[in-house]
Amino acid sequence: MPQPLSVAIVTLGCARNDVDSEELAGRLAADGWRLESDPGAADIAVINTCGFIESAKKDSIDALLEAHTQKSDGTLRAVVAVGCMAERYGKELAEALPEADGILSFDDYQDISRRLQGILSGNRISPHSPRDRSNLLPLSPAERQDFHAKLGQGGAANRSFKKVSTIDRNRVRLGTEPTAPLKIASGCDRRCTFCAIPQFRGAFISRRPHEILDEAKWLVSTGVSELFLVSENTTSYGKDLGDLRLLENLLPEISQIEGLERIRLSYLQPAEIRPGLLQAMTSTNKVLPYFDISFQHAAGSLLRRMRRFGDIESFLHLLNQIRALEPKAGIRSNFIVGFPGESEAEFNQLEEFISSARLDAIGIFPYSDEDKTEAMSHSNKIAPELIAERTERLKALAEEVMVERAQERIGEKVRVLVEDSELGEGRADHQGPEVDTTTTLVSRNNYRIGEYVDAIVSDL
């Protein structure tokens, strides 16, 4: 009997890509493929790329090249690129990277097994010409769900939004971690001038609540105790279903799942954080008081040039509201330094905000032009040397603020999910997966991955 074909999936980028990889793995496993963790031990390696910023693109290319070098060392016969970078550049990436045996679009996911079999048979798949996916669904969010249903699962405009349910599941776990991302929506309707995500991820569309609940129950049945609800814009959930309060009603239902310990939300837009959502996040059992808020900057004039909303005063007011409901809330955010036209006064406002906001986790990113974004055409660019100087200056300030915030937590009681048994390392409620700091437990040895430990923060 011939051995089944084998595939290794390597994932770059965010938690949303993690979900995509597990859905691809599910499709392939259902078609008889054997899943391998090591590309060198597989027939074909699928690299799920990230196309968000320059550093992520470089990491994706490096992963493709690294896999290519393994083709002569073992069973590996082909290397294929999927994901955001592959979708975003298509033919251009294929021409620039001949080491890849295939560049696949989101539209290829529906038929991924046949695509990979064809590549292994020596067929050359013509790379796609990128298109703006933000206009593939109706402009009005209210019309999208009906359009989605009429197209069915084979509709070309809809292929990246495959339903997952208890009857027709397309996801398998590629790891055994006690936490897992759960995608509640895809795409984004915002038009931030620095961001290209809507172009390659498409317009915003929410998953139906029953689909989310079904997948949440399945994830818990596999050993997951913390669910990380992810999307490009979590605070927009439900708008295309006609109910912006839908997330507030869904959270209590998810919290009733037996065996689930923690629910964490990601990527909240400050202008869309409603009082009702704040109340739900701080009062619903198992929902962590953890706020991953996309501020990006704090100067109102610059935020408007980004096509975003807010300023120091409104952002600090929001943080005060959160802490009034939950004083121990964990809050993280990212900021862009050197956006076109950023004046010294605007940068000073950003410094002032970071100094005052008392954030637990802060990401600082230097601005860089992104293809086909509005900001790329702005003429008042900041000199690279000044961007680098401001970035280092703000990183130093952010580090001071995070240390001060950590010191404020000394003496707090925390509940830690163990993720590294050897080091006794895990995350408390205020620490998100992958991007935030961790907590080290020192009271005993032999911790078990997935165990929850009650502890008190010390300055050791």
# chains A, B, ... in the order shown; residues from 1 in each chain; ligands from 1

call {"tool": "residues_around", "arguments": {"residues": "Phe295 (chain A)", "least_positions_apart": "3", "cutoff": "8 Å", "atoms": "only C-alpha atoms", "output": "number ranges by chain"}}
result
A: 269-270, 298, 333-335

call {"tool": "residues_around", "arguments": {"residues": "Leu12 (chain A)", "least_positions_apart": "2", "cutoff": "7 Å", "atoms": "only C-alpha atoms", "output": "PyMOL selection string"}}
result
chain A and resi 10+14+48-50+60

call {"tool": "residues_around", "arguments": {"residues": "Leu93 (chain A)", "least_positions_apart": "2", "cutoff": "12 Å", "atoms": "only C-alpha atoms", "output": "ChimeraX atom specification"}}
result
/A:49,51,57,60-61,64,80-82,84-91,95-105,126-130

call {"tool": "select_by_dssp", "arguments": {"residues": "region 91-339 of chain A", "states": "strand (DSSP E)", "output": "ChimeraX atom specification"}}
result
/A:102-103,179-183,185-186,205-206,226-230,262-265,290-292,330-337

call {"tool": "write_last_selection", "arguments": {"atoms": "N, CA and C atoms", "output": "mmCIF file, in the first residue's frame"}}
result
data_model
loop_
_atom_site.group_PDB
_atom_site.id
_atom_site.type_symbol
_atom_site.label_atom_id
_atom_site.label_comp_id
_atom_site.auth_asym_id
_atom_site.auth_seq_id
_atom_site.Cartn_x
_atom_site.Cartn_y
_atom_site.Cartn_z
ATOM 1 N N GLY A 102 5.416 27.020 -5.610
ATOM 2 C CA GLY A 102 4.056 27.462 -5.818
ATOM 3 C C GLY A 102 3.734 28.646 -4.924
ATOM 4 N N ILE A 103 2.971 29.603 -5.456
ATOM 5 C CA ILE A 103 2.473 30.749 -4.693
ATOM 6 C C ILE A 103 0.954 30.682 -4.775
ATOM 7 N N THR A 179 -3.634 27.006 25.427
ATOM 8 C CA THR A 179 -4.341 28.167 24.907
ATOM 9 C C THR A 179 -4.425 28.073 23.403
ATOM 10 N N ALA A 180 -5.491 28.615 22.826
ATOM 11 C CA ALA A 180 -5.661 28.542 21.373
ATOM 12 C C ALA A 180 -6.437 29.755 20.881
ATOM 13 N N PRO A 181 -6.067 30.281 19.699
ATOM 14 C CA PRO A 181 -6.844 31.362 19.112
ATOM 15 C C PRO A 181 -8.130 30.843 18.491
ATOM 16 N N LEU A 182 -9.160 31.651 18.561
ATOM 17 C CA LEU A 182 -10.459 31.335 17.961
ATOM 18 C C LEU A 182 -10.890 32.536 17.136
ATOM 19 N N LYS A 183 -10.932 32.369 15.827
ATOM 20 C CA LYS A 183 -11.253 33.491 14.941
ATOM 21 C C LYS A 183 -12.759 33.743 14.957
ATOM 22 N N ALA A 185 -14.070 36.643 13.328
ATOM 23 C CA ALA A 185 -14.396 37.437 12.141
ATOM 24 C C ALA A 185 -13.168 37.499 11.248
ATOM 25 N N SER A 186 -13.388 37.903 10.004
ATOM 26 C CA SER A 186 -12.291 38.090 9.056
ATOM 27 C C SER A 186 -12.427 39.442 8.378
ATOM 28 N N ILE A 205 -16.289 40.533 7.892
ATOM 29 C CA ILE A 205 -17.447 39.654 7.970
ATOM 30 C C ILE A 205 -17.349 38.815 9.232
ATOM 31 N N SER A 206 -18.428 38.823 10.009
ATOM 32 C CA SER A 206 -18.482 38.094 11.276
ATOM 33 C C SER A 206 -18.863 36.635 11.039
ATOM 34 N N GLU A 226 -7.771 28.103 27.720
ATOM 35 C CA GLU A 226 -7.864 29.543 27.492
ATOM 36 C C GLU A 226 -8.093 29.801 26.005
ATOM 37 N N LEU A 227 -9.173 30.486 25.693
ATOM 38 C CA LEU A 227 -9.495 30.858 24.324
ATOM 39 C C LEU A 227 -9.129 32.316 24.088
ATOM 40 N N PHE A 228 -8.487 32.564 22.958
ATOM 41 C CA PHE A 228 -8.046 33.901 22.583
ATOM 42 C C PHE A 228 -8.857 34.310 21.364
ATOM 43 N N LEU A 229 -9.884 35.143 21.549
ATOM 44 C CA LEU A 229 -10.756 35.541 20.447
ATOM 45 C C LEU A 229 -10.033 36.547 19.570
ATOM 46 N N VAL A 230 -9.874 36.210 18.285
ATOM 47 C CA VAL A 230 -9.060 37.025 17.392
ATOM 48 C C VAL A 230 -9.846 37.422 16.142
ATOM 49 N N ARG A 262 -10.476 30.464 30.843
ATOM 50 C CA ARG A 262 -10.225 31.880 30.555
ATOM 51 C C ARG A 262 -10.620 32.210 29.113
ATOM 52 N N ILE A 263 -11.150 33.409 28.934
ATOM 53 C CA ILE A 263 -11.476 33.958 27.618
ATOM 54 C C ILE A 263 -10.764 35.297 27.499
ATOM 55 N N ARG A 264 -10.030 35.468 26.425
ATOM 56 C CA ARG A 264 -9.256 36.692 26.228
ATOM 57 C C ARG A 264 -9.624 37.293 24.874
ATOM 58 N N LEU A 265 -9.808 38.609 24.832
ATOM 59 C CA LEU A 265 -10.128 39.299 23.584
ATOM 60 C C LEU A 265 -8.895 40.012 23.057
ATOM 61 N N TYR A 290 -8.487 42.012 30.221
ATOM 62 C CA TYR A 290 -7.282 42.212 29.416
ATOM 63 C C TYR A 290 -7.695 42.988 28.181
ATOM 64 N N PHE A 291 -7.051 44.131 27.948
ATOM 65 C CA PHE A 291 -7.468 45.033 26.877
ATOM 66 C C PHE A 291 -6.310 45.276 25.922
ATOM 67 N N ASP A 292 -6.405 44.657 24.758
ATOM 68 C CA ASP A 292 -5.426 44.835 23.685
ATOM 69 C C ASP A 292 -5.984 45.920 22.771
ATOM 70 N N GLY A 330 -5.226 44.387 32.708
ATOM 71 C CA GLY A 330 -4.017 44.413 31.898
ATOM 72 C C GLY A 330 -4.313 45.128 30.588
ATOM 73 N N ILE A 331 -3.444 46.060 30.205
ATOM 74 C CA ILE A 331 -3.687 46.855 28.995
ATOM 75 C C ILE A 331 -2.408 46.902 28.173
ATOM 76 N N ARG A 332 -2.518 46.596 26.878
ATOM 77 C CA ARG A 332 -1.369 46.664 25.973
ATOM 78 C C ARG A 332 -1.761 47.448 24.731
ATOM 79 N N SER A 333 -0.742 47.979 24.034
ATOM 80 C CA SER A 333 -1.001 48.666 22.778
ATOM 81 C C SER A 333 0.278 48.769 21.961
ATOM 82 N N ASN A 334 0.109 49.089 20.684
ATOM 83 C CA ASN A 334 1.227 49.338 19.766
ATOM 84 C C ASN A 334 1.179 50.780 19.282
ATOM 85 N N PHE A 335 2.358 51.307 18.930
ATOM 86 C CA PHE A 335 2.451 52.689 18.468
ATOM 87 C C PHE A 335 3.404 52.780 17.283
ATOM 88 N N ILE A 336 3.059 53.647 16.355
ATOM 89 C CA ILE A 336 3.880 53.884 15.166
ATOM 90 C C ILE A 336 4.634 55.196 15.340
ATOM 91 N N VAL A 337 5.927 55.154 15.104
ATOM 92 C CA VAL A 337 6.780 56.337 15.221
ATOM 93 C C VAL A 337 7.220 56.777 13.824
#

call {"tool": "closest_residue", "arguments": {"among": "A:Leu24, A:Gly450, A:Glu342, A:Arg77", "to": "Gly259 (chain A)", "atoms": "only C-alpha atoms"}}
result
A:Gly450

call {"tool": "residues_around", "arguments": {"residues": "region 247-254 of chain A", "least_positions_apart": "3", "cutoff": "6 Å", "atoms": "only C-alpha atoms", "output": "PDB file with C-alpha atoms, in the first residue's frame"}}
result
ATOM      1  CA  ILE A 257     -18.481  25.888  28.371  1.00  0.00           C
ATOM      2  CA  LEU A 277     -18.650  45.906  25.944  1.00  0.00           C
ATOM      3  CA  ALA A 280     -19.310  42.637  29.638  1.00  0.00           C
TER       4      ALA A 280
END

call {"tool": "atom_distance", "arguments": {"atom1": "CA of Pro384 (chain A)", "atom2": "CA of Phe339 (chain A)"}}
result
10.8 Å

call {"tool": "closest_atom_pairs", "arguments": {"of": "region 358-399 of chain A", "to": "region 428-437 of chain A", "cutoff": "9 Å", "atoms": "only C-alpha atoms", "output": "Markdown table"}}
result
| residue | atom | partner | partner_atom | distance |
| --- | --- | --- | --- | --- |
| A:Asp360 | CA | A:His430 | CA | 7.8 |
| A:Ala361 | CA | A:Asp436 | CA | 6.0 |
| A:Ile362 | CA | A:Asp436 | CA | 8.5 |
| A:Gly363 | CA | A:Val435 | CA | 8.7 |

call {"tool": "write_last_selection", "arguments": {"atoms": "C-alpha atoms", "output": "PDB file, in the first residue's frame"}}
result
ATOM      1  CA  ASP A 360       1.442  46.831  30.900  1.00  0.00           C
ATOM      2  CA  ALA A 361       2.814  46.034  27.437  1.00  0.00           C
ATOM      3  CA  ILE A 362       3.916  48.478  24.730  1.00  0.00           C
ATOM      4  CA  GLY A 363       5.029  47.752  21.181  1.00  0.00           C
TER       5      GLY A 363
END

call {"tool": "residues_around", "arguments": {"residues": "region 301-312 of chain A", "least_positions_apart": "3", "cutoff": "6 Å", "atoms": "only C-alpha atoms", "output": "list in words"}}
result
Cys192, Thr193, Ala298 and Phe315 of chain A

call {"tool": "select_by_dssp", "arguments": {"residues": "region 32-274 of chain A", "states": "alpha helix (DSSP H)", "output": "PyMOL selection string"}}
result
chain A and resi 54-69+83-89+91-96+112-120+141-151+197-201+209-221+246-255

call {"tool": "residues_around", "arguments": {"residues": "Asp454 (chain A)", "least_positions_apart": "5", "cutoff": "10 Å", "atoms": "only C-alpha atoms", "output": "list in words"}}
result
Lys413, Val414, Arg415, Val416, Leu417, Ala428 and Leu441 of chain A

call {"tool": "write_last_selection", "arguments": {"atoms": "C-alpha atoms", "output": "PDB file, in the first residue's frame"}}
result
ATOM      1  CA  LYS A 413      -2.642  38.015  43.792  1.00  0.00           C
ATOM      2  CA  VAL A 414      -2.485  36.503  40.304  1.00  0.00           C
ATOM      3  CA  ARG A 415      -3.551  33.252  38.677  1.00  0.00           C
ATOM      4  CA  VAL A 416      -0.892  31.886  36.349  1.00  0.00           C
ATOM      5  CA  LEU A 417      -1.392  29.422  33.492  1.00  0.00           C
ATOM      6  CA  ALA A 428      -1.179  35.784  34.519  1.00  0.00           C
ATOM      7  CA  LEU A 441       6.886  30.769  39.477  1.00  0.00           C
TER       8      LEU A 441
END
